[in-house]
$ cat model_25.cif   # mmCIF, C-alpha atoms and all ligand atoms
data_target
#
loop_
_atom_site.label_atom_id
_atom_site.label_comp_id
_atom_site.auth_asym_id
_atom_site.auth_seq_id
_atom_site.Cartn_x
_atom_site.Cartn_y
_atom_site.Cartn_z
CA MET A 154 0.00 0.00 0.00
CA ARG A 155 1.16 3.49 -0.77
CA GLN A 156 1.98 5.61 2.24
CA SER A 157 0.75 9.15 2.49
CA SER A 158 3.41 11.74 1.98
CA PRO A 159 5.19 13.07 5.06
CA PRO A 160 3.77 16.13 6.79
CA ILE A 161 4.38 19.20 4.74
CA SER A 162 5.99 22.16 6.37
CA ALA A 163 4.05 25.21 7.31
CA SER A 164 3.39 27.61 4.50
CA PRO A 165 4.64 31.15 4.95
CA SER A 166 2.24 33.46 6.66
CA PRO A 167 -0.04 35.27 4.23
CA ARG A 168 -0.25 38.98 4.89
CA TYR A 169 -3.54 38.99 6.72
CA PRO A 170 -4.94 42.48 7.03
CA ARG A 171 -4.66 43.66 10.58
CA LEU A 172 -8.16 45.01 10.70
CA TRP A 173 -8.82 45.03 14.37
CA GLY A 174 -6.37 47.74 15.47
CA PHE A 175 -7.89 50.11 12.95
CA ALA A 176 -11.38 48.95 13.62
CA LEU A 177 -11.09 49.46 17.35
CA VAL A 178 -11.06 53.15 16.62
CA LEU A 179 -14.40 52.78 14.89
CA LEU A 180 -15.72 50.38 17.46
CA VAL A 181 -19.45 49.87 17.16
CA ALA A 182 -20.07 47.26 19.85
CA PRO A 183 -20.68 44.15 17.74
CA SER A 184 -23.13 41.66 19.16
CA PRO A 185 -21.38 38.77 20.90
CA ALA A 186 -22.71 36.35 18.26
CA SER A 187 -21.13 38.27 15.43
CA VAL A 188 -17.45 37.68 14.77
CA SER A 189 -17.01 38.80 11.21
CA LEU A 190 -13.57 40.36 11.32
CA ASP A 191 -13.84 41.31 7.69
CA GLU A 192 -16.31 44.02 8.51
CA LYS A 193 -16.26 44.52 12.23
CA ALA A 194 -13.84 44.95 15.07
CA ALA A 195 -12.76 42.20 17.33
CA THR A 196 -14.79 42.45 20.51
CA LYS A 197 -11.71 43.00 22.65
CA ASP A 198 -8.27 42.68 21.19
CA ASP A 199 -6.25 40.52 23.59
CA PRO A 200 -3.31 38.77 21.96
CA ALA A 201 -2.43 36.61 24.97
CA ALA A 202 -5.98 35.37 25.54
CA SER A 203 -6.40 34.82 21.82
CA ARG A 204 -3.31 32.62 21.58
CA VAL A 205 -4.32 30.58 24.62
CA ALA A 206 -7.77 30.01 23.11
CA PHE A 207 -6.26 28.88 19.82
CA LEU A 208 -4.04 26.34 21.57
CA ALA A 209 -7.22 24.75 22.96
CA VAL A 210 -8.77 24.79 19.48
CA TYR A 211 -5.59 23.25 18.11
CA LYS A 212 -5.89 20.28 20.49
CA VAL A 213 -9.15 19.43 18.75
CA LEU A 214 -8.02 20.12 15.18
CA SER A 215 -4.92 17.95 15.60
CA HIS A 216 -6.91 15.09 17.16
CA PRO A 217 -7.33 12.05 14.87
CA ARG A 218 -11.12 12.56 14.60
CA CYS A 219 -10.53 15.91 12.91
CA MET A 220 -7.09 15.47 11.38
CA ASN A 221 -7.79 12.11 9.75
CA CYS A 222 -9.87 13.83 7.09
CA HIS A 223 -7.44 16.75 6.76
CA PRO A 224 -4.30 14.83 5.72
CA ALA A 225 -1.12 16.28 4.29
CA GLY A 226 -1.12 13.70 1.51
CA ASP A 227 -3.81 12.51 -0.87
CA ALA A 228 -5.04 9.62 1.27
CA PRO A 229 -7.43 9.89 4.19
CA LEU A 230 -6.09 8.65 7.51
CA GLN A 231 -7.77 6.37 9.98
CA GLY A 232 -7.44 5.11 13.52
CA GLU A 233 -6.10 6.66 16.69
CA ASP A 234 -2.59 6.47 15.18
CA SER A 235 -3.73 8.23 11.97
CA HIS A 236 -2.37 5.62 9.61
CA PRO A 237 -3.21 5.86 5.89
CA HIS A 238 -6.73 4.57 5.20
CA ALA A 239 -6.85 0.88 4.32
CA GLN A 240 -7.62 -0.06 0.70
CA ASN A 241 -5.45 2.74 -0.66
CA VAL A 242 -8.38 5.12 -0.65
CA LYS A 243 -7.54 8.42 -2.35
CA ARG A 244 -9.02 11.90 -2.31
CA GLY A 245 -10.26 11.97 -5.92
CA LYS A 246 -11.22 15.05 -7.89
CA ASP A 247 -13.90 16.29 -5.50
CA GLY A 248 -12.62 14.83 -2.23
CA ALA A 249 -15.15 11.98 -2.24
CA GLY A 250 -12.83 9.18 -3.40
CA LYS A 251 -12.15 7.49 -6.73
CA TYR A 252 -13.82 4.88 -8.93
CA ALA A 253 -15.11 1.96 -6.83
CA LEU A 254 -13.44 3.45 -3.75
CA LYS A 255 -15.61 6.48 -3.26
CA CYS A 256 -16.30 7.30 0.38
CA ALA A 257 -20.00 6.47 0.10
CA ASN A 258 -19.16 2.94 -1.04
CA CYS A 259 -18.76 2.06 2.65
CA HIS A 260 -19.62 5.20 4.66
CA GLN A 261 -23.37 5.43 5.18
CA ALA A 262 -25.49 8.38 6.31
CA LYS A 263 -24.68 7.54 9.92
CA ALA A 264 -22.12 5.48 11.81
CA LEU A 265 -22.89 1.78 11.66
CA PRO A 266 -23.36 -0.15 14.90
CA GLY A 267 -20.43 -2.28 16.03
CA GLU A 268 -16.87 -1.60 17.07
CA ASN A 269 -14.82 0.09 14.34
CA MET A 270 -17.51 -0.24 11.71
CA PRO A 271 -17.44 2.59 9.14
CA PRO A 272 -18.38 5.95 10.66
CA GLY A 273 -20.97 7.84 8.66
CA ASN A 274 -22.32 11.12 7.35
CA PRO A 275 -24.42 11.81 4.24
CA ASN A 276 -21.59 14.00 2.93
CA TRP A 277 -18.55 11.96 4.02
CA ARG A 278 -15.49 13.28 2.16
CA LEU A 279 -12.12 15.03 2.36
CA PRO A 280 -11.65 18.65 1.38
CA SER A 281 -11.24 19.07 -2.37
CA PRO A 282 -7.76 18.85 -3.94
CA GLU A 283 -7.91 22.58 -4.82
CA MET A 284 -8.48 23.51 -1.17
CA PRO A 285 -7.10 20.63 0.89
CA LEU A 286 -7.17 22.50 4.25
CA VAL A 287 -4.36 20.40 5.70
CA PHE A 288 -4.29 19.93 9.49
CA GLN A 289 -1.69 17.14 9.58
CA GLY A 290 1.81 18.29 10.45
CA LYS A 291 0.84 21.94 10.98
CA SER A 292 2.16 23.91 13.94
CA PRO A 293 -0.45 25.92 15.89
CA GLY A 294 0.75 29.12 14.20
CA ALA A 295 0.59 27.63 10.71
CA LEU A 296 -2.86 26.20 11.32
CA ALA A 297 -4.14 29.51 12.69
CA ARG A 298 -2.83 31.34 9.61
CA GLN A 299 -4.47 28.79 7.33
CA LEU A 300 -7.83 29.08 9.09
CA LYS A 301 -7.73 32.85 8.69
CA ASP A 302 -6.80 32.85 5.02
CA PRO A 303 -9.84 32.68 2.72
CA LYS A 304 -7.52 31.48 -0.06
CA GLN A 305 -6.83 28.40 2.03
CA ASN A 306 -9.93 27.96 4.16
CA GLY A 307 -12.57 27.52 1.47
CA GLY A 308 -13.21 31.22 0.95
CA LYS A 309 -14.62 31.67 4.45
CA THR A 310 -14.73 34.70 6.69
CA LEU A 311 -13.91 33.96 10.32
CA ASP A 312 -17.62 34.22 11.02
CA GLN A 313 -18.19 31.43 8.53
CA VAL A 314 -15.34 29.38 9.99
CA LEU A 315 -17.05 29.62 13.38
CA HIS A 316 -20.40 28.75 11.84
CA HIS A 317 -18.86 25.73 10.10
CA ALA A 318 -17.26 24.50 13.33
CA ALA A 319 -20.49 25.00 15.27
CA GLU A 320 -22.96 23.49 12.83
CA ASP A 321 -21.50 21.43 9.99
CA THR A 322 -22.57 17.83 10.45
CA LEU A 323 -19.15 16.55 9.37
CA VAL A 324 -17.58 18.52 12.23
CA LEU A 325 -20.28 17.44 14.68
CA GLY A 326 -19.63 13.85 13.60
CA CYS A 327 -16.25 14.00 15.36
CA TRP A 328 -18.19 13.91 18.64
CA ASN A 329 -20.33 11.00 17.49
CA PRO A 330 -17.58 8.86 15.98
CA GLY A 331 -19.06 5.38 16.29
CA GLU A 332 -18.01 2.61 18.63
CA GLY A 333 -14.31 2.09 19.26
CA ARG A 334 -13.15 5.63 18.45
CA ALA A 335 -12.03 8.34 20.85
CA LYS A 336 -13.74 11.73 20.84
CA PRO A 337 -11.72 14.95 20.61
CA PRO A 338 -10.29 16.19 23.93
CA LEU A 339 -12.78 19.07 24.37
CA ALA A 340 -16.56 18.85 24.30
CA HIS A 341 -18.01 20.37 21.13
CA GLU A 342 -19.50 23.39 22.98
CA GLU A 343 -16.15 24.02 24.64
CA PHE A 344 -14.39 23.80 21.28
CA VAL A 345 -16.78 26.31 19.75
CA ARG A 346 -16.41 28.59 22.78
CA GLU A 347 -12.60 28.57 22.47
CA LEU A 348 -12.81 29.18 18.74
CA ARG A 349 -15.16 32.11 19.34
CA THR A 350 -12.81 33.51 22.00
CA TRP A 351 -9.87 33.20 19.62
CA ILE A 352 -11.74 35.14 16.96
CA GLU A 353 -13.27 37.75 19.26
CA THR A 354 -9.94 38.51 20.90
CA GLY A 355 -8.29 39.22 17.57
CA ALA A 356 -7.51 35.80 16.02
CA HIS A 357 -3.86 36.07 16.98
CA GLU A 358 -1.49 33.35 15.86
CA PRO A 359 0.47 31.36 18.43
CA GLU A 360 4.20 31.36 17.80
CA MET B 286 -42.91 -3.91 3.31
CA ILE B 287 -40.11 -2.28 1.38
CA THR B 288 -39.97 -1.90 -2.40
CA ILE B 289 -36.61 -1.99 -4.15
CA ARG B 290 -35.53 -2.30 -7.77
CA VAL B 291 -32.87 -4.88 -8.54
CA ASN B 292 -31.61 -5.44 -12.08
CA ARG B 293 -34.48 -3.40 -13.54
CA LYS B 294 -37.13 -5.42 -11.72
CA GLU B 295 -39.24 -4.42 -8.71
CA TYR B 296 -39.31 -6.52 -5.52
CA HIS B 297 -41.48 -6.10 -2.42
CA VAL B 298 -39.58 -7.41 0.55
CA ASP B 299 -40.72 -7.80 4.14
CA VAL B 300 -37.55 -6.82 6.01
CA GLU B 301 -36.45 -4.25 8.59
CA PRO B 302 -35.13 -0.97 7.08
CA ASP B 303 -31.67 -1.55 8.57
CA THR B 304 -31.29 -5.05 7.10
CA PRO B 305 -28.05 -5.20 5.10
CA LEU B 306 -28.84 -5.00 1.40
CA LEU B 307 -26.64 -8.07 0.84
CA TRP B 308 -28.98 -10.16 2.98
CA VAL B 309 -31.98 -8.98 1.00
CA ILE B 310 -30.30 -9.65 -2.36
CA ARG B 311 -29.09 -13.11 -1.44
CA GLU B 312 -31.59 -14.46 1.08
CA THR B 313 -34.85 -12.70 0.29
CA ILE B 314 -34.56 -12.28 -3.47
CA GLY B 315 -32.28 -15.26 -4.08
CA LEU B 316 -29.64 -13.66 -6.30
CA THR B 317 -26.53 -15.38 -5.00
CA GLY B 318 -23.91 -14.04 -7.41
CA THR B 319 -23.05 -11.33 -4.89
CA LYS B 320 -20.88 -12.83 -2.16
CA PHE B 321 -20.54 -12.42 1.59
CA GLY B 322 -16.86 -12.20 2.51
CA CYS B 323 -16.33 -10.18 5.68
CA GLY B 324 -19.52 -8.30 6.49
CA VAL B 325 -17.56 -5.26 7.67
CA ALA B 326 -16.72 -3.34 4.47
CA GLN B 327 -13.20 -4.72 4.26
CA CYS B 328 -13.09 -7.11 1.31
CA GLY B 329 -15.33 -5.96 -1.57
CA ALA B 330 -16.87 -9.39 -2.28
CA CYS B 331 -20.36 -7.92 -1.79
CA THR B 332 -19.91 -5.00 -4.23
CA ILE B 333 -23.05 -4.03 -6.13
CA HIS B 334 -24.02 -0.83 -7.96
CA LEU B 335 -26.37 1.71 -6.43
CA ASP B 336 -27.36 4.24 -9.08
CA GLY B 337 -24.20 3.25 -10.93
CA GLU B 338 -21.82 3.71 -7.99
CA ALA B 339 -20.10 0.81 -6.24
CA ALA B 340 -21.55 0.05 -2.83
CA ARG B 341 -20.61 -2.60 -0.31
CA SER B 342 -23.94 -4.23 0.22
CA CYS B 343 -22.91 -5.91 3.49
CA VAL B 344 -22.86 -2.51 5.24
CA THR B 345 -25.58 -0.79 3.21
CA PRO B 346 -28.94 -0.71 5.01
CA VAL B 347 -31.68 -1.68 2.57
CA GLU B 348 -33.45 1.63 3.26
CA ARG B 349 -30.60 3.47 1.51
CA ALA B 350 -31.51 1.64 -1.70
CA ILE B 351 -35.18 2.64 -1.74
CA GLY B 352 -35.94 4.58 -4.91
CA ARG B 353 -32.55 3.76 -6.40
CA GLU B 354 -31.41 1.40 -9.10
CA ILE B 355 -29.62 -1.64 -7.68
CA VAL B 356 -27.51 -3.66 -10.11
CA THR B 357 -25.86 -6.94 -9.18
CA ILE B 358 -23.44 -9.11 -11.16
CA GLU B 359 -26.45 -10.93 -12.63
CA GLY B 360 -27.77 -7.70 -14.16
CA LEU B 361 -24.61 -5.83 -15.14
CA PRO B 362 -25.48 -4.33 -18.55
CA ASP B 363 -23.59 -5.68 -21.55
CA ASP B 364 -21.89 -2.43 -22.54
CA LEU B 365 -19.39 -2.98 -19.75
CA GLY B 366 -20.36 -6.43 -18.50
CA ARG B 367 -19.80 -8.28 -21.77
CA PRO B 368 -16.24 -7.11 -22.48
CA LEU B 369 -15.30 -7.59 -18.82
CA LYS B 370 -16.68 -11.11 -18.65
CA ASP B 371 -15.10 -12.00 -22.02
CA ALA B 372 -11.71 -10.76 -20.82
CA TRP B 373 -12.11 -12.62 -17.51
CA ILE B 374 -12.80 -15.85 -19.44
CA ALA B 375 -10.05 -15.28 -22.02
CA LEU B 376 -7.41 -14.84 -19.32
CA ASP B 377 -8.83 -17.44 -16.91
CA VAL B 378 -8.85 -14.83 -14.17
CA PRO B 379 -10.71 -16.64 -11.36
CA GLN B 380 -9.15 -19.28 -9.19
CA CYS B 381 -11.73 -20.15 -6.52
CA GLY B 382 -13.94 -17.39 -7.92
CA TYR B 383 -15.33 -16.17 -4.62
CA CYS B 384 -14.18 -12.56 -4.95
CA GLN B 385 -14.72 -12.26 -8.67
CA SER B 386 -18.23 -10.86 -8.91
CA GLY B 387 -17.13 -8.04 -6.63
CA GLN B 388 -14.00 -7.56 -8.73
CA ILE B 389 -16.01 -7.24 -11.94
CA MET B 390 -18.50 -4.82 -10.37
CA ALA B 391 -15.60 -2.64 -9.19
CA ALA B 392 -13.87 -2.90 -12.60
CA ALA B 393 -17.08 -1.76 -14.33
CA VAL B 394 -17.10 1.50 -12.34
CA LEU B 395 -13.42 2.03 -13.14
CA LEU B 396 -13.91 1.55 -16.90
CA ARG B 397 -17.03 3.68 -17.01
CA GLU B 398 -15.13 6.60 -15.49
CA ASN B 399 -11.79 5.89 -17.09
CA PRO B 400 -12.01 3.90 -20.35
CA ASN B 401 -8.23 3.79 -20.77
CA PRO B 402 -6.78 3.18 -17.31
CA THR B 403 -3.09 2.94 -16.51
CA ASP B 404 -1.82 0.32 -14.08
CA GLU B 405 -1.92 2.97 -11.38
CA ASP B 406 -5.55 3.78 -12.20
CA VAL B 407 -6.37 0.07 -11.95
CA ASP B 408 -4.72 -0.02 -8.53
CA ASP B 409 -6.66 3.07 -7.44
CA GLY B 410 -9.93 1.47 -8.47
CA MET B 411 -9.33 -2.10 -7.43
CA THR B 412 -7.16 -2.19 -4.30
CA GLY B 413 -10.22 -2.38 -2.07
CA ASN B 414 -11.26 -5.71 -3.57
CA ILE B 415 -9.34 -8.46 -1.87
CA CYS B 416 -8.58 -11.78 -3.59
CA ARG B 417 -7.40 -14.54 -1.26
CA CYS B 418 -6.18 -16.50 -4.27
CA GLY B 419 -4.01 -13.59 -5.39
CA THR B 420 -5.36 -13.26 -8.92
CA TYR B 421 -4.43 -9.56 -8.99
CA PRO B 422 -2.02 -9.72 -11.96
CA ARG B 423 -4.66 -11.43 -14.10
CA ILE B 424 -7.34 -9.00 -12.95
CA ARG B 425 -5.16 -6.11 -14.04
CA ARG B 426 -4.47 -7.69 -17.45
CA ALA B 427 -8.14 -8.51 -17.93
CA ILE B 428 -9.16 -4.91 -17.23
CA HIS B 429 -6.70 -3.69 -19.86
CA LEU B 430 -8.02 -6.31 -22.29
CA ALA B 431 -11.62 -5.26 -21.65
CA ALA B 432 -10.65 -1.61 -22.11
CA GLN B 433 -9.11 -2.45 -25.49
CA ALA B 434 -12.18 -4.41 -26.54
CA ILE B 435 -14.45 -1.51 -25.60
CA ALA B 436 -12.19 0.91 -27.46
CA LYS B 437 -12.39 -1.27 -30.57
CA GLY B 438 -16.15 -1.25 -30.31
CA ALA B 439 -16.13 -4.96 -29.68
CA ALA B 440 -18.86 -4.67 -27.08
CA ARG B 441 -21.97 -6.25 -28.40
S1 LIG C 1 -18.57 -8.75 2.50
FE1 LIG C 1 -18.89 -6.65 2.16
S2 LIG C 1 -16.92 -5.85 2.05
FE2 LIG C 1 -16.58 -7.91 2.65
S1 LIG C 2 -10.31 -16.03 -6.93
FE1 LIG C 2 -10.32 -16.87 -4.94
S2 LIG C 2 -10.60 -15.14 -3.70
FE2 LIG C 2 -10.30 -14.28 -5.60
#

$ encode --input "model_25.cif" --output "structure tokens"
Amino acid sequence: MRQSSPPISASPSPRYPRLWGFALVLLVAPSPASVSLDEKAATKDDPAASRVAFLAVYKVLSHPRCMNCHPAGDAPLQGEDSHPHAQNVKRGKDGAGKYALKCANCHQAKALPGENMPPGNPNWRLPSPEMPLVFQGKSPGALARQLKDPKQNGGKTLDQVLHHAAEDTLVLGCWNPGEGRAKPPLAHEEFVRELRTWIETGAHEPE
Amino acid sequence: MITIRVNRKEYHVDVEPDTPLLWVIRETIGLTGTKFGCGVAQCGACTIHLDGEAARSCVTPVERAIGREIVTIEGLPDDLGRPLKDAWIALDVPQCGYCQSGQIMAAAVLLRENPNPTDEDVDDGMTGNICRCGTYPRIRRAIHLAAQAIAKGAAR
């Protein structure tokens, strides 16, 4: 079986516009639910708190339940040790596998009963090859930069990133992984809370 | 009662919605060309087509197939089925034969999407179908032979 390629190194930091310093001047008390840094100020710029919050978020993103579908190579990973997926499964042109090895060949709309049976989701897939959103092998700083960069994060504002993390059923599936699989180290609400804190305190990148 | 279509024919089956499709195909309907190998999505012996896509029927609840077109090895249309079966016979691919209906169903999806596959493409499409007898080299040659036959318009 082909092994996935080794973790790729962090990409250089894109020049993310430092909106919040400027925006603080124009501060118009955004509602706590709104975190769109593209248009509005961070609620309270606090680099230290922001970095601490991201390190908590990072614990979840680098956990096998999340990282296994955000591999550095072209093969999904599986298991608590994040080994390349059995059967030489590959990403394919839309992230949903290739030929007779498309994800939905085995992955059903929900996790099947029984230890280590295929987990499920109606939309089970990897990110597309054009926007692979790699988590594997990324440092906290590199992952934070990637999440903030619409050119790498699927064209999302930070508001949309938060929305995705809070509501997308593929993300929620990490906390309902099927028998025999560990859940991420934070509860989903806690994860979303830390992500929100990271964003609202300025989305600062850990070193 | 659940209604499903298998090989262009309708069947009314009295089974629970979460019954594996493989059970329904083999036990209820009696089409035994599709095989039970592992029951846990690991071997590919139970591969059928669901709306043209390969699906491992041992882990597919029958309710997923409602309203869709199920095709088994018995009903694989001739455009792909004939050249594949001819190539399988010409090269004596099977040994015990147990995995081979799943192999052909997987090969049909590969050739439909990629009529001129390289060896690497064959590996990408077929590695999930395990053959205990190790007929992999013949399977690969047979897929190339079928691809050539289709390209020559030899499909009847
Ligand atoms: S019997 Fe379904 S994959 Fe083995
Ligand atoms: S021919 Fe025997 S398992 Fe494949």

$ interface_residues --input "model_25.cif" --of "chain A" --to "chain B" --cutoff "7 Å" --atoms "all atoms listed in the file" --output "compact mmCIF listing (two decimals) with C-alpha atoms, in the frame of the given file"
# COMPACT_ATOMS: atom_id res chain seq x y z
CA GLN A 240 -7.62 -0.06 0.70
CA ASN A 241 -5.45 2.74 -0.66
CA LYS A 251 -12.15 7.49 -6.73
CA TYR A 252 -13.82 4.88 -8.93
CA ALA A 253 -15.11 1.96 -6.83
CA LEU A 254 -13.44 3.45 -3.75
CA ASN A 258 -19.16 2.94 -1.04
CA CYS A 259 -18.76 2.06 2.65
CA GLN A 261 -23.37 5.43 5.18
CA MET A 270 -17.51 -0.24 11.71

$ closest_atom_pairs --input "model_25.cif" --of "chain B" --to "ligand LIG 2 (chain C)" --cutoff "12 Å" --atoms "all atoms listed in the file" --output "Markdown table"
| residue | atom | partner | partner_atom | distance |
| --- | --- | --- | --- | --- |
| B:Lys320 | CA | C:LIG2 | S2 | 10.6 |
| B:Phe321 | CA | C:LIG2 | S2 | 11.6 |
| B:Gly322 | CA | C:LIG2 | S2 | 9.3 |
| B:Cys328 | CA | C:LIG2 | S2 | 9.8 |
| B:Gly329 | CA | C:LIG2 | FE2 | 10.5 |
| B:Ala330 | CA | C:LIG2 | S2 | 8.6 |
| B:Trp373 | CA | C:LIG2 | S1 | 11.3 |
| B:Asp377 | CA | C:LIG2 | S1 | 10.2 |
| B:Val378 | CA | C:LIG2 | S1 | 7.5 |
| B:Pro379 | CA | C:LIG2 | S1 | 4.5 |
| B:Gln380 | CA | C:LIG2 | S1 | 4.1 |
| B:Cys381 | CA | C:LIG2 | FE1 | 3.9 |
| B:Gly382 | CA | C:LIG2 | S1 | 4.0 |
| B:Tyr383 | CA | C:LIG2 | S2 | 4.9 |
| B:Cys384 | CA | C:LIG2 | FE2 | 4.3 |
| B:Gln385 | CA | C:LIG2 | FE2 | 5.7 |
| B:Ser386 | CA | C:LIG2 | FE2 | 9.2 |
| B:Gly387 | CA | C:LIG2 | FE2 | 9.3 |
| B:Gln388 | CA | C:LIG2 | FE2 | 8.3 |
| B:Ile389 | CA | C:LIG2 | FE2 | 11.1 |
| B:Asn414 | CA | C:LIG2 | FE2 | 8.9 |
| B:Ile415 | CA | C:LIG2 | FE2 | 7.0 |
| B:Cys416 | CA | C:LIG2 | FE2 | 3.6 |
| B:Arg417 | CA | C:LIG2 | S2 | 4.1 |
| B:Cys418 | CA | C:LIG2 | FE1 | 4.2 |
| B:Gly419 | CA | C:LIG2 | FE2 | 6.3 |
| B:Thr420 | CA | C:LIG2 | S1 | 6.0 |
| B:Tyr421 | CA | C:LIG2 | FE2 | 8.3 |
| B:Pro422 | CA | C:LIG2 | FE2 | 11.4 |
| B:Arg423 | CA | C:LIG2 | S1 | 10.2 |
| B:Ile424 | CA | C:LIG2 | FE2 | 9.5 |

$ closest_residue --input "model_25.cif" --among "A:His260, A:Trp277, A:Met220, A:Thr354" --to "ligand LIG 1 (chain C)" --atoms "all atoms listed in the file"
A:His260

$ residues_around --input "model_25.cif" --residues "Lys304 of chain A" --least-positions-apart "5" --cutoff "10 Å" --atoms "only C-alpha atoms" --output "PyMOL selection string"
chain A and resi 167+284+286+299+309

$ closest_atom_pairs --input "model_25.cif" --of "segment 244-309 of chain A" --to "segment 223-239 of chain A" --cutoff "7 Å" --atoms "only C-alpha atoms" --output "Markdown table"
| residue | atom | partner | partner_atom | distance |
| --- | --- | --- | --- | --- |
| A:Arg244 | CA | A:Asp227 | CA | 5.4 |
| A:Leu279 | CA | A:His223 | CA | 6.6 |
| A:Leu286 | CA | A:His223 | CA | 6.3 |
| A:Val287 | CA | A:His223 | CA | 4.9 |
| A:Phe288 | CA | A:His223 | CA | 5.2 |
| A:Gln289 | CA | A:Pro224 | CA | 5.2 |

$ closest_residue --input "model_25.cif" --among "A:Pro200, A:Pro271, A:Asn221, A:Phe344" --to "ligand LIG 1 (chain C)" --atoms "only C-alpha atoms and all ligand atoms"
A:Pro271

$ residues_around --input "model_25.cif" --residues "segment 201-217 of chain A" --least-positions-apart "3" --cutoff "10 Å" --atoms "only C-alpha atoms" --output "VMD selection string"
chain A and resid 197 to 198 220 to 223 230 to 236 288 to 294 296 to 297 327 334 to 341 343 to 360

$ atom_distance --input "model_25.cif" --atom1 "atom CA of Gly366 of chain B" --atom2 "atom CA of Ala427 of chain B"
12.4 Å

$ atom_distance --input "model_25.cif" --atom1 "atom CA of Trp308 of chain B" --atom2 "atom CA of Gly326 of chain A"
27.9 Å
